[in-house]
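J.: Structure supplied as start31.csv; contents: CSV, N, CA and C atoms.
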chain,number,residue,atom,x,y,z
A,6,LYS,N,-11.4,-15.1,-15.6
A,6,LYS,CA,-10.9,-16.4,-15.1
A,6,LYS,C,-11.3,-17.5,-16.0
A,7,MET,N,-12.5,-17.4,-16.7
A,7,MET,CA,-12.9,-18.5,-17.5
A,7,MET,C,-12.2,-18.6,-18.9
A,8,LEU,N,-11.7,-17.5,-19.4
A,8,LEU,CA,-11.0,-17.4,-20.7
A,8,LEU,C,-9.6,-17.8,-20.6
A,9,LYS,N,-8.9,-17.5,-19.5
A,9,LYS,CA,-7.5,-17.8,-19.3
A,9,LYS,C,-7.1,-19.2,-19.6
A,10,PRO,N,-7.8,-20.3,-19.1
A,10,PRO,CA,-7.4,-21.6,-19.4
A,10,PRO,C,-7.4,-22.0,-20.8
A,11,PHE,N,-8.3,-21.3,-21.6
A,11,PHE,CA,-8.5,-21.6,-23.0
A,11,PHE,C,-7.4,-20.9,-23.9
A,12,PHE,N,-7.1,-19.7,-23.5
A,12,PHE,CA,-6.4,-18.8,-24.5
A,12,PHE,C,-5.1,-18.3,-23.9
A,13,ASP,N,-4.7,-18.5,-22.7
A,13,ASP,CA,-3.5,-17.9,-22.1
A,13,ASP,C,-2.3,-18.4,-22.8
A,14,HIS,N,-2.2,-19.6,-23.2
A,14,HIS,CA,-1.0,-20.1,-23.8
A,14,HIS,C,-1.2,-20.5,-25.3
A,15,THR,N,-2.0,-19.7,-26.0
A,15,THR,CA,-2.2,-19.9,-27.4
A,15,THR,C,-2.0,-18.6,-28.2
A,16,LEU,N,-1.7,-18.7,-29.4
A,16,LEU,CA,-1.6,-17.5,-30.3
A,16,LEU,C,-3.0,-17.0,-30.7
A,17,GLN,N,-3.9,-18.0,-30.9
A,17,GLN,CA,-5.3,-17.7,-31.4
A,17,GLN,C,-6.2,-17.8,-30.2
A,18,SER,N,-7.2,-16.9,-30.2
A,18,SER,CA,-8.3,-16.9,-29.2
A,18,SER,C,-9.4,-17.7,-29.9
A,19,PHE,N,-10.5,-17.0,-30.2
A,19,PHE,CA,-11.7,-17.6,-30.7
A,19,PHE,C,-11.5,-17.9,-32.2
A,20,ASP,N,-12.3,-18.9,-32.7
A,20,ASP,CA,-12.3,-19.2,-34.1
A,20,ASP,C,-13.0,-18.1,-34.9
A,21,LEU,N,-14.1,-17.5,-34.4
A,21,LEU,CA,-14.8,-16.5,-35.0
A,21,LEU,C,-15.4,-15.6,-34.0
A,22,VAL,N,-15.3,-14.3,-34.3
A,22,VAL,CA,-15.9,-13.2,-33.5
A,22,VAL,C,-16.8,-12.4,-34.4
A,23,LEU,N,-18.1,-12.3,-34.1
A,23,LEU,CA,-19.1,-11.5,-34.9
A,23,LEU,C,-19.3,-10.2,-34.1
A,24,LEU,N,-19.1,-9.1,-34.9
A,24,LEU,CA,-19.2,-7.8,-34.3
A,24,LEU,C,-20.3,-6.9,-35.1
A,25,GLY,N,-20.8,-6.0,-34.4
A,25,GLY,CA,-21.6,-5.0,-35.0
A,25,GLY,C,-20.9,-3.6,-35.0
A,26,LEU,N,-21.5,-2.7,-35.6
A,26,LEU,CA,-20.9,-1.3,-35.7
A,26,LEU,C,-22.0,-0.3,-35.4
A,27,GLY,N,-21.7,0.5,-34.3
A,27,GLY,CA,-22.7,1.5,-34.0
A,27,GLY,C,-22.6,2.7,-34.9
A,28,ASP,N,-23.6,3.5,-35.0
A,28,ASP,CA,-23.6,4.6,-35.9
A,28,ASP,C,-22.7,5.7,-35.4
A,29,ASP,N,-22.0,5.5,-34.2
A,29,ASP,CA,-21.0,6.5,-33.7
A,29,ASP,C,-19.6,5.9,-33.9
A,30,GLY,N,-19.5,4.7,-34.5
A,30,GLY,CA,-18.2,4.1,-34.7
A,30,GLY,C,-17.8,3.1,-33.6
A,31,HIS,N,-18.7,2.9,-32.7
A,31,HIS,CA,-18.3,2.0,-31.6
A,31,HIS,C,-18.5,0.5,-32.0
A,32,THR,N,-17.8,-0.4,-31.3
A,32,THR,CA,-18.0,-1.8,-31.3
A,32,THR,C,-17.6,-2.3,-30.0
A,33,LEU,N,-18.0,-3.5,-29.6
A,33,LEU,CA,-17.6,-4.1,-28.3
A,33,LEU,C,-17.9,-3.3,-27.1
A,34,SER,N,-18.9,-2.4,-27.1
A,34,SER,CA,-19.1,-1.5,-26.0
A,34,SER,C,-18.0,-0.5,-25.8
A,35,LEU,N,-17.1,-0.3,-26.8
A,35,LEU,CA,-16.0,0.6,-26.8
A,35,LEU,C,-16.5,1.9,-27.5
A,36,PHE,N,-16.8,2.9,-26.7
A,36,PHE,CA,-17.5,4.1,-27.3
A,36,PHE,C,-16.4,5.2,-27.5
A,37,PRO,N,-16.6,6.1,-28.5
A,37,PRO,CA,-15.7,7.2,-28.7
A,37,PRO,C,-15.4,7.9,-27.4
A,38,GLY,N,-14.1,8.1,-27.2
A,38,GLY,CA,-13.6,8.9,-26.0
A,38,GLY,C,-13.5,8.1,-24.7
A,39,SER,N,-13.9,6.8,-24.8
A,39,SER,CA,-13.9,6.0,-23.6
A,39,SER,C,-12.5,5.7,-23.1
A,40,ALA,N,-12.2,5.7,-21.8
A,40,ALA,CA,-10.9,5.3,-21.2
A,40,ALA,C,-10.5,3.9,-21.6
A,41,LEU,N,-11.5,3.0,-21.9
A,41,LEU,CA,-11.2,1.7,-22.3
A,41,LEU,C,-10.4,1.6,-23.6
A,42,LEU,N,-10.4,2.6,-24.4
A,42,LEU,CA,-9.7,2.6,-25.7
A,42,LEU,C,-8.2,2.6,-25.4
A,43,GLU,N,-7.7,2.9,-24.3
A,43,GLU,CA,-6.3,2.9,-23.9
A,43,GLU,C,-5.8,1.6,-23.4
A,44,ASN,N,-6.8,0.7,-23.1
A,44,ASN,CA,-6.4,-0.6,-22.5
A,44,ASN,C,-6.0,-1.5,-23.6
A,45,THR,N,-4.7,-1.7,-23.8
A,45,THR,CA,-4.1,-2.5,-24.9
A,45,THR,C,-3.8,-3.9,-24.5
A,46,THR,N,-3.9,-4.3,-23.3
A,46,THR,CA,-3.5,-5.6,-22.8
A,46,THR,C,-4.7,-6.4,-22.2
A,47,GLY,N,-5.7,-5.8,-21.7
A,47,GLY,CA,-6.8,-6.5,-21.0
A,47,GLY,C,-7.6,-7.3,-22.0
A,48,TRP,N,-8.3,-8.2,-21.5
A,48,TRP,CA,-9.2,-9.1,-22.3
A,48,TRP,C,-10.6,-8.8,-22.1
A,49,VAL,N,-11.1,-8.5,-20.9
A,49,VAL,CA,-12.5,-8.3,-20.6
A,49,VAL,C,-12.6,-7.1,-19.6
A,50,SER,N,-13.6,-6.3,-19.8
A,50,SER,CA,-13.8,-5.2,-18.8
A,50,SER,C,-15.3,-4.8,-18.7
A,51,GLU,N,-15.6,-4.1,-17.7
A,51,GLU,CA,-16.9,-3.5,-17.6
A,51,GLU,C,-16.8,-2.2,-18.4
A,52,ALA,N,-18.0,-1.8,-18.9
A,52,ALA,CA,-18.0,-0.5,-19.7
A,52,ALA,C,-19.4,0.1,-19.3
A,53,TYR,N,-19.3,1.4,-18.9
A,53,TYR,CA,-20.5,2.1,-18.5
A,53,TYR,C,-20.9,2.9,-19.7
A,54,HIS,N,-22.2,2.8,-20.0
A,54,HIS,CA,-22.8,3.6,-21.1
A,54,HIS,C,-23.7,4.7,-20.5
A,55,PRO,N,-23.2,5.9,-20.5
A,55,PRO,CA,-23.9,7.0,-19.8
A,55,PRO,C,-25.3,7.3,-20.4
A,56,VAL,N,-25.5,7.2,-21.7
A,56,VAL,CA,-26.8,7.5,-22.3
A,56,VAL,C,-27.8,6.5,-21.9
A,57,GLN,N,-27.4,5.2,-21.8
A,57,GLN,CA,-28.3,4.2,-21.4
A,57,GLN,C,-28.3,4.0,-19.9
A,58,LYS,N,-27.4,4.6,-19.2
A,58,LYS,CA,-27.2,4.5,-17.8
A,58,LYS,C,-27.1,3.1,-17.3
A,59,MET,N,-26.2,2.3,-17.9
A,59,MET,CA,-26.1,0.9,-17.6
A,59,MET,C,-24.6,0.5,-17.8
A,60,TYR,N,-24.3,-0.5,-17.1
A,60,TYR,CA,-23.0,-1.2,-17.2
A,60,TYR,C,-23.1,-2.3,-18.2
A,61,ARG,N,-22.0,-2.6,-18.9
A,61,ARG,CA,-22.0,-3.8,-19.8
A,61,ARG,C,-20.7,-4.5,-19.6
A,62,ILE,N,-20.6,-5.7,-20.0
A,62,ILE,CA,-19.4,-6.5,-19.9
A,62,ILE,C,-18.9,-6.6,-21.4
A,63,THR,N,-17.7,-6.4,-21.7
A,63,THR,CA,-17.2,-6.4,-23.1
A,63,THR,C,-15.9,-7.1,-23.2
A,64,LEU,N,-15.7,-7.7,-24.3
A,64,LEU,CA,-14.3,-8.2,-24.7
A,64,LEU,C,-13.5,-7.0,-25.1
A,65,LEU,N,-12.2,-7.1,-25.1
A,65,LEU,CA,-11.4,-6.0,-25.5
A,65,LEU,C,-10.6,-6.4,-26.7
A,66,PRO,N,-10.1,-5.4,-27.5
A,66,PRO,CA,-9.3,-5.7,-28.7
A,66,PRO,C,-8.1,-6.6,-28.5
A,67,ALA,N,-7.4,-6.6,-27.4
A,67,ALA,CA,-6.3,-7.5,-27.3
A,67,ALA,C,-6.7,-8.9,-27.4
A,68,LEU,N,-7.8,-9.3,-27.0
A,68,LEU,CA,-8.3,-10.7,-27.1
A,68,LEU,C,-9.0,-10.9,-28.5
A,69,VAL,N,-9.8,-10.0,-28.9
A,69,VAL,CA,-10.6,-10.2,-30.1
A,69,VAL,C,-9.6,-10.2,-31.3
A,70,ASN,N,-8.6,-9.4,-31.3
A,70,ASN,CA,-7.6,-9.4,-32.4
A,70,ASN,C,-6.8,-10.6,-32.6
A,71,ARG,N,-6.9,-11.5,-31.6
A,71,ARG,CA,-6.2,-12.8,-31.7
A,71,ARG,C,-7.1,-13.9,-32.3
A,72,ALA,N,-8.4,-13.5,-32.7
A,72,ALA,CA,-9.3,-14.5,-33.3
A,72,ALA,C,-8.9,-14.9,-34.7
A,73,GLY,N,-9.3,-16.1,-35.1
A,73,GLY,CA,-8.9,-16.6,-36.4
A,73,GLY,C,-9.7,-15.8,-37.5
A,74,HIS,N,-10.9,-15.5,-37.2
A,74,HIS,CA,-11.8,-14.7,-38.1
A,74,HIS,C,-12.6,-13.7,-37.3
A,75,ILE,N,-12.6,-12.5,-37.8
A,75,ILE,CA,-13.5,-11.5,-37.2
A,75,ILE,C,-14.4,-10.9,-38.3
A,76,ALA,N,-15.7,-10.9,-38.0
A,76,ALA,CA,-16.6,-10.4,-39.0
A,76,ALA,C,-17.5,-9.3,-38.4
A,77,PHE,N,-17.5,-8.2,-39.1
A,77,PHE,CA,-18.5,-7.1,-38.8
A,77,PHE,C,-19.7,-7.3,-39.7
A,78,MET,N,-20.9,-7.2,-39.1
A,78,MET,CA,-22.1,-7.3,-39.8
A,78,MET,C,-22.8,-5.9,-39.7
A,79,VAL,N,-22.9,-5.2,-40.8
A,79,VAL,CA,-23.4,-3.8,-40.8
A,79,VAL,C,-24.5,-3.7,-41.8
A,80,ASP,N,-25.6,-3.1,-41.4
A,80,ASP,CA,-26.7,-2.9,-42.3
A,80,ASP,C,-27.3,-1.5,-42.1
A,81,GLY,N,-27.8,-1.0,-43.2
A,81,GLY,CA,-28.6,0.3,-43.1
A,81,GLY,C,-27.9,1.5,-43.5
A,82,GLU,N,-28.6,2.4,-44.1
A,82,GLU,CA,-28.1,3.7,-44.5
A,82,GLU,C,-27.5,4.5,-43.4
A,83,LYS,N,-28.1,4.4,-42.2
A,83,LYS,CA,-27.7,5.1,-41.0
A,83,LYS,C,-26.2,4.9,-40.7
A,84,LYS,N,-25.7,3.8,-41.1
A,84,LYS,CA,-24.3,3.4,-40.7
A,84,LYS,C,-23.3,3.7,-41.9
A,85,ALA,N,-23.8,4.1,-43.0
A,85,ALA,CA,-23.0,4.3,-44.2
A,85,ALA,C,-21.8,5.2,-44.0
A,86,SER,N,-22.1,6.4,-43.4
A,86,SER,CA,-21.1,7.4,-43.3
A,86,SER,C,-20.0,6.9,-42.3
A,87,VAL,N,-20.4,6.4,-41.2
A,87,VAL,CA,-19.4,6.0,-40.2
A,87,VAL,C,-18.6,4.7,-40.7
A,88,LEU,N,-19.3,3.9,-41.5
A,88,LEU,CA,-18.6,2.7,-42.0
A,88,LEU,C,-17.5,3.2,-43.0
A,89,SER,N,-17.7,4.1,-43.8
A,89,SER,CA,-16.7,4.6,-44.8
A,89,SER,C,-15.5,5.2,-44.0
A,90,LYS,N,-15.8,5.9,-42.9
A,90,LYS,CA,-14.7,6.5,-42.1
A,90,LYS,C,-13.9,5.4,-41.4
A,91,VAL,N,-14.6,4.4,-40.9
A,91,VAL,CA,-13.9,3.3,-40.2
A,91,VAL,C,-13.0,2.5,-41.2
A,92,ILE,N,-13.5,2.2,-42.4
A,92,ILE,CA,-12.7,1.5,-43.4
A,92,ILE,C,-11.7,2.3,-44.2
A,93,GLU,N,-12.2,3.4,-44.7
A,93,GLU,CA,-11.3,4.2,-45.6
A,93,GLU,C,-10.8,5.5,-45.0
A,94,GLY,N,-11.2,5.9,-43.9
A,94,GLY,CA,-10.8,7.2,-43.3
A,94,GLY,C,-9.4,7.1,-42.6
A,95,LYS,N,-9.0,8.2,-42.1
A,95,LYS,CA,-7.8,8.3,-41.3
A,95,LYS,C,-7.9,7.5,-40.1
A,96,TYR,N,-6.8,6.9,-39.6
A,96,TYR,CA,-6.9,6.1,-38.4
A,96,TYR,C,-7.1,7.0,-37.2
A,97,ALA,N,-8.2,6.9,-36.6
A,97,ALA,CA,-8.5,7.7,-35.4
A,97,ALA,C,-9.4,6.9,-34.5
A,98,PRO,N,-8.8,5.9,-33.8
A,98,PRO,CA,-9.6,5.0,-32.9
A,98,PRO,C,-10.3,5.7,-31.7
A,99,ALA,N,-9.8,6.9,-31.3
A,99,ALA,CA,-10.5,7.6,-30.2
A,99,ALA,C,-11.8,8.1,-30.7
A,100,LYS,N,-12.0,8.3,-32.0
A,100,LYS,CA,-13.2,8.8,-32.6
A,100,LYS,C,-14.0,7.6,-33.2
A,101,TYR,N,-13.3,6.6,-33.7
A,101,TYR,CA,-13.9,5.5,-34.3
A,101,TYR,C,-13.3,4.2,-33.7
A,102,PRO,N,-13.8,3.8,-32.6
A,102,PRO,CA,-13.2,2.6,-31.9
A,102,PRO,C,-13.1,1.3,-32.7
A,103,ALA,N,-14.0,1.2,-33.6
A,103,ALA,CA,-14.0,0.0,-34.5
A,103,ALA,C,-12.7,-0.2,-35.2
A,104,GLN,N,-12.0,0.9,-35.4
A,104,GLN,CA,-10.7,0.8,-36.1
A,104,GLN,C,-9.6,0.1,-35.2
A,105,LEU,N,-9.9,-0.2,-34.0
A,105,LEU,CA,-9.0,-0.9,-33.1
A,105,LEU,C,-9.0,-2.4,-33.5
A,106,ILE,N,-10.0,-2.8,-34.2
A,106,ILE,CA,-10.1,-4.2,-34.6
A,106,ILE,C,-9.3,-4.5,-35.8
A,107,LYS,N,-8.1,-5.1,-35.5
A,107,LYS,CA,-7.1,-5.4,-36.6
A,107,LYS,C,-6.5,-6.7,-36.2
A,108,PRO,N,-6.9,-7.8,-36.8
A,108,PRO,CA,-6.5,-9.1,-36.4
A,108,PRO,C,-4.9,-9.3,-36.6
A,109,ALA,N,-4.4,-9.9,-35.6
A,109,ALA,CA,-2.9,-10.1,-35.6
A,109,ALA,C,-2.5,-11.1,-36.6
A,110,ASN,N,-3.2,-12.2,-36.7
A,110,ASN,CA,-2.9,-13.3,-37.7
A,110,ASN,C,-4.1,-13.8,-38.4
A,111,GLY,N,-5.3,-13.3,-38.0
A,111,GLY,CA,-6.5,-13.8,-38.6
A,111,GLY,C,-7.0,-13.0,-39.7
A,112,GLU,N,-8.3,-13.2,-40.1
A,112,GLU,CA,-8.9,-12.5,-41.2
A,112,GLU,C,-10.0,-11.6,-40.7
A,113,LEU,N,-10.1,-10.4,-41.4
A,113,LEU,CA,-11.2,-9.5,-41.0
A,113,LEU,C,-12.1,-9.4,-42.2
A,114,HIS,N,-13.4,-9.5,-42.0
A,114,HIS,CA,-14.4,-9.5,-43.0
A,114,HIS,C,-15.5,-8.5,-42.6
A,115,PHE,N,-16.1,-7.8,-43.7
A,115,PHE,CA,-17.2,-7.0,-43.5
A,115,PHE,C,-18.3,-7.5,-44.3
A,116,PHE,N,-19.5,-7.8,-43.7
A,116,PHE,CA,-20.7,-8.2,-44.4
A,116,PHE,C,-21.6,-7.1,-44.3
A,117,LEU,N,-22.0,-6.5,-45.5
A,117,LEU,CA,-22.7,-5.3,-45.6
A,117,LEU,C,-23.9,-5.4,-46.5
A,118,ASP,N,-25.0,-4.7,-46.2
A,118,ASP,CA,-26.0,-4.6,-47.2
A,118,ASP,C,-25.7,-3.4,-48.1
A,119,GLU,N,-26.4,-3.2,-49.2
A,119,GLU,CA,-26.2,-2.2,-50.1
A,119,GLU,C,-26.2,-0.8,-49.5
A,120,ALA,N,-27.2,-0.6,-48.6
A,120,ALA,CA,-27.3,0.7,-48.0
A,120,ALA,C,-26.1,1.1,-47.2
A,121,ALA,N,-25.6,0.2,-46.4
A,121,ALA,CA,-24.4,0.4,-45.5
A,121,ALA,C,-23.2,0.7,-46.4
A,122,ALA,N,-23.1,0.0,-47.5
A,122,ALA,CA,-21.9,0.1,-48.4
A,122,ALA,C,-22.0,1.3,-49.3
A,123,SER,N,-23.1,2.1,-49.3
A,123,SER,CA,-23.3,3.1,-50.3
A,123,SER,C,-22.3,4.2,-50.3
A,124,LYS,N,-21.6,4.5,-49.2
A,124,LYS,CA,-20.7,5.6,-49.2
A,124,LYS,C,-19.2,5.1,-49.3
A,125,LEU,N,-19.0,3.8,-49.6
A,125,LEU,CA,-17.6,3.4,-49.8
A,125,LEU,C,-17.2,3.7,-51.2
A,126,LYS,N,-15.9,3.9,-51.4
A,126,LYS,CA,-15.4,4.2,-52.7
A,126,LYS,C,-15.6,2.9,-53.6
A,127,LYS,N,-16.0,3.1,-54.8
A,127,LYS,CA,-16.1,1.9,-55.7
A,127,LYS,C,-14.8,1.6,-56.3
A,128,SER,N,-14.3,0.4,-56.1
A,128,SER,CA,-13.0,0.1,-56.7
A,128,SER,C,-13.0,-1.4,-57.1
Take the structure in the file and write it out as structure tokens.
T.:
Amino acid sequence: KMLKPFFDHTLQSFDLVLLGLGDDGHTLSLFPGSALLENTTGWVSEAYHPVQKMYRITLLPALVNRAGHIAFMVDGEKKASVLSKVIEGKYAPAKYPAQLIKPANGELHFFLDEAAASKLKKS
């Protein structure tokens, strides 16, 4: 209800969305295999994380992908393999939900440390 007055009649949502990347390829509390991955029109939802046994509130790709700028901040060697699959691998959002983040008209940026970037192809 709070977001609708701001974004319901605009092409762009937020100016900037900062995201992280889990070592399983999740972002926005969208975990591999989650039923939320099929929600292509919703803006916000609850998400249950069974390992932590807790509910979360998350934005969904339909709203985030309308942002002017989206930035992933990823650090550490632990994330290097999944980062290379998210960026350079085959499109498989059921396995790597971060691949659902594809701005409609905005820009997508990745801010990485050397360890996180270590498995990306050098080009």
J.: Please indicate the distance in Å from CA of Ala121 in chain A to CA of Lys84 in chain A, rounded to one decimal place.
T.: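 According to the coordinates, CA of Ala121 in chain A and CA of Lys84 in chain A are separated by 5.7 Å.
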J.: Within 6 Å of range 6-23 of chain A, counting all atoms listed in the file, which residues qualify if same-chain residues fewer than 4 places away don't, as a PyMOL selection string?
T.: chain A and resi 71-77
J.: Expressed in Å to a single decimal, how great is the separation between atom N of Gly25 in chain A and CA of Leu41 in chain A?
T.: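 For atom N of Gly25 in chain A relative to CA of Leu41 in chain A, the distance reads 17.3 Å.
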J.: Counting only C-alpha atoms, which residue out of A:Leu88, A:Tyr60, A:Leu65, A:Ser34 sits closest to Gly47 in chain A?
T.: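 For Gly47 in chain A, the nearest of the candidates is A:Leu65.
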J.: Which of these residues is nearest to Asp29 in chain A, using only C-alpha atoms: A:Ala120, A:Ile62, A:Lys126, A:Ala103?
T.: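 Smallest separation from Asp29 in chain A among the options: A:Ala103.
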J.: Find the residues near Pro98 in chain A: any atom within 7 Å, counting only N, CA and C atoms, skip ones fewer than 3 places away on the same chain, and give them as a list in words.
T.: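 Result of the neighbour search: Pro37, Gly38, Leu42, Lys95, Tyr101, Pro102, Ala103, Gln104 and Leu105 of chain A.
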J.: Go through chain A and collect every residue that DSSP, computed from the backbone, puts in strand (DSSP E or B); the answer should be as a count of residues only.
T.: 30
J.: Enumerate as a list in words all residues of range 30-67 of chain A assigned to helix (DSSP H, G or I) by DSSP on the backbone, naming them with the chain letters and numbers the document uses.
T.: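 Selecting the helix (DSSP H, G or I) positions of range 30-67 of chain A gives Ala40, Leu41, Leu42, Glu43, Pro66 and Ala67 of chain A.
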J.: I need the chosen residues saved as a compact mmCIF listing (two decimals), in the coordinates of the input, with N, CA and C atoms.
T.:
# COMPACT_ATOMS: atom_id res chain seq x y z
N ALA A 40 -12.20 5.70 -21.80
CA ALA A 40 -10.90 5.30 -21.20
C ALA A 40 -10.50 3.90 -21.60
N LEU A 41 -11.50 3.00 -21.90
CA LEU A 41 -11.20 1.70 -22.30
C LEU A 41 -10.40 1.60 -23.60
N LEU A 42 -10.40 2.60 -24.40
CA LEU A 42 -9.70 2.60 -25.70
C LEU A 42 -8.20 2.60 -25.40
N GLU A 43 -7.70 2.90 -24.30
CA GLU A 43 -6.30 2.90 -23.90
C GLU A 43 -5.80 1.60 -23.40
N PRO A 66 -10.10 -5.40 -27.50
CA PRO A 66 -9.30 -5.70 -28.70
C PRO A 66 -8.10 -6.60 -28.50
N ALA A 67 -7.40 -6.60 -27.40
CA ALA A 67 -6.30 -7.50 -27.30
C ALA A 67 -6.70 -8.90 -27.40
J.: Tell me, as an mmCIF file with N, CA and C atoms, keeping the file's coordinate frame, which residues lie within 6 Å of range 66-70 of chain A, counting only C-alpha atoms; anything in the same chain fewer than 5 positions away does not count.
T.:
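Saved file selection-v9.cif follows:
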data_model
loop_
_atom_site.group_PDB
_atom_site.id
_atom_site.type_symbol
_atom_site.label_atom_id
_atom_site.label_comp_id
_atom_site.auth_asym_id
_atom_site.auth_seq_id
_atom_site.Cartn_x
_atom_site.Cartn_y
_atom_site.Cartn_z
ATOM 1 N N THR A 45 -4.700 -1.700 -23.800
ATOM 2 C CA THR A 45 -4.100 -2.500 -24.900
ATOM 3 C C THR A 45 -3.800 -3.900 -24.500
ATOM 4 N N THR A 46 -3.900 -4.300 -23.300
ATOM 5 C CA THR A 46 -3.500 -5.600 -22.800
ATOM 6 C C THR A 46 -4.700 -6.400 -22.200
ATOM 7 N N TRP A 48 -8.300 -8.200 -21.500
ATOM 8 C CA TRP A 48 -9.200 -9.100 -22.300
ATOM 9 C C TRP A 48 -10.600 -8.800 -22.100
ATOM 10 N N LYS A 107 -8.100 -5.100 -35.500
ATOM 11 C CA LYS A 107 -7.100 -5.400 -36.600
ATOM 12 C C LYS A 107 -6.500 -6.700 -36.200
ATOM 13 N N PRO A 108 -6.900 -7.800 -36.800
ATOM 14 C CA PRO A 108 -6.500 -9.100 -36.400
ATOM 15 C C PRO A 108 -4.900 -9.300 -36.600
ATOM 16 N N ALA A 109 -4.400 -9.900 -35.600
ATOM 17 C CA ALA A 109 -2.900 -10.100 -35.600
ATOM 18 C C ALA A 109 -2.500 -11.100 -36.600
#
J.: What is the CA of Val91 in chain A-atom C of Lys127 in chain A distance in Å, reported with one decimal?
T.: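 Atom-to-atom, CA of Val91 in chain A to atom C of Lys127 in chain A, that is 16.2 Å.
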J.: Go through A:Ser123, A:Ser89, A:Asn110, A:Lys83 and flag the residue nearest Gly27 in chain A, using all atoms listed in the file for the distances.
T.: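 Using all atoms listed in the file, the shortest distance to Gly27 in chain A belongs to A:Lys83.
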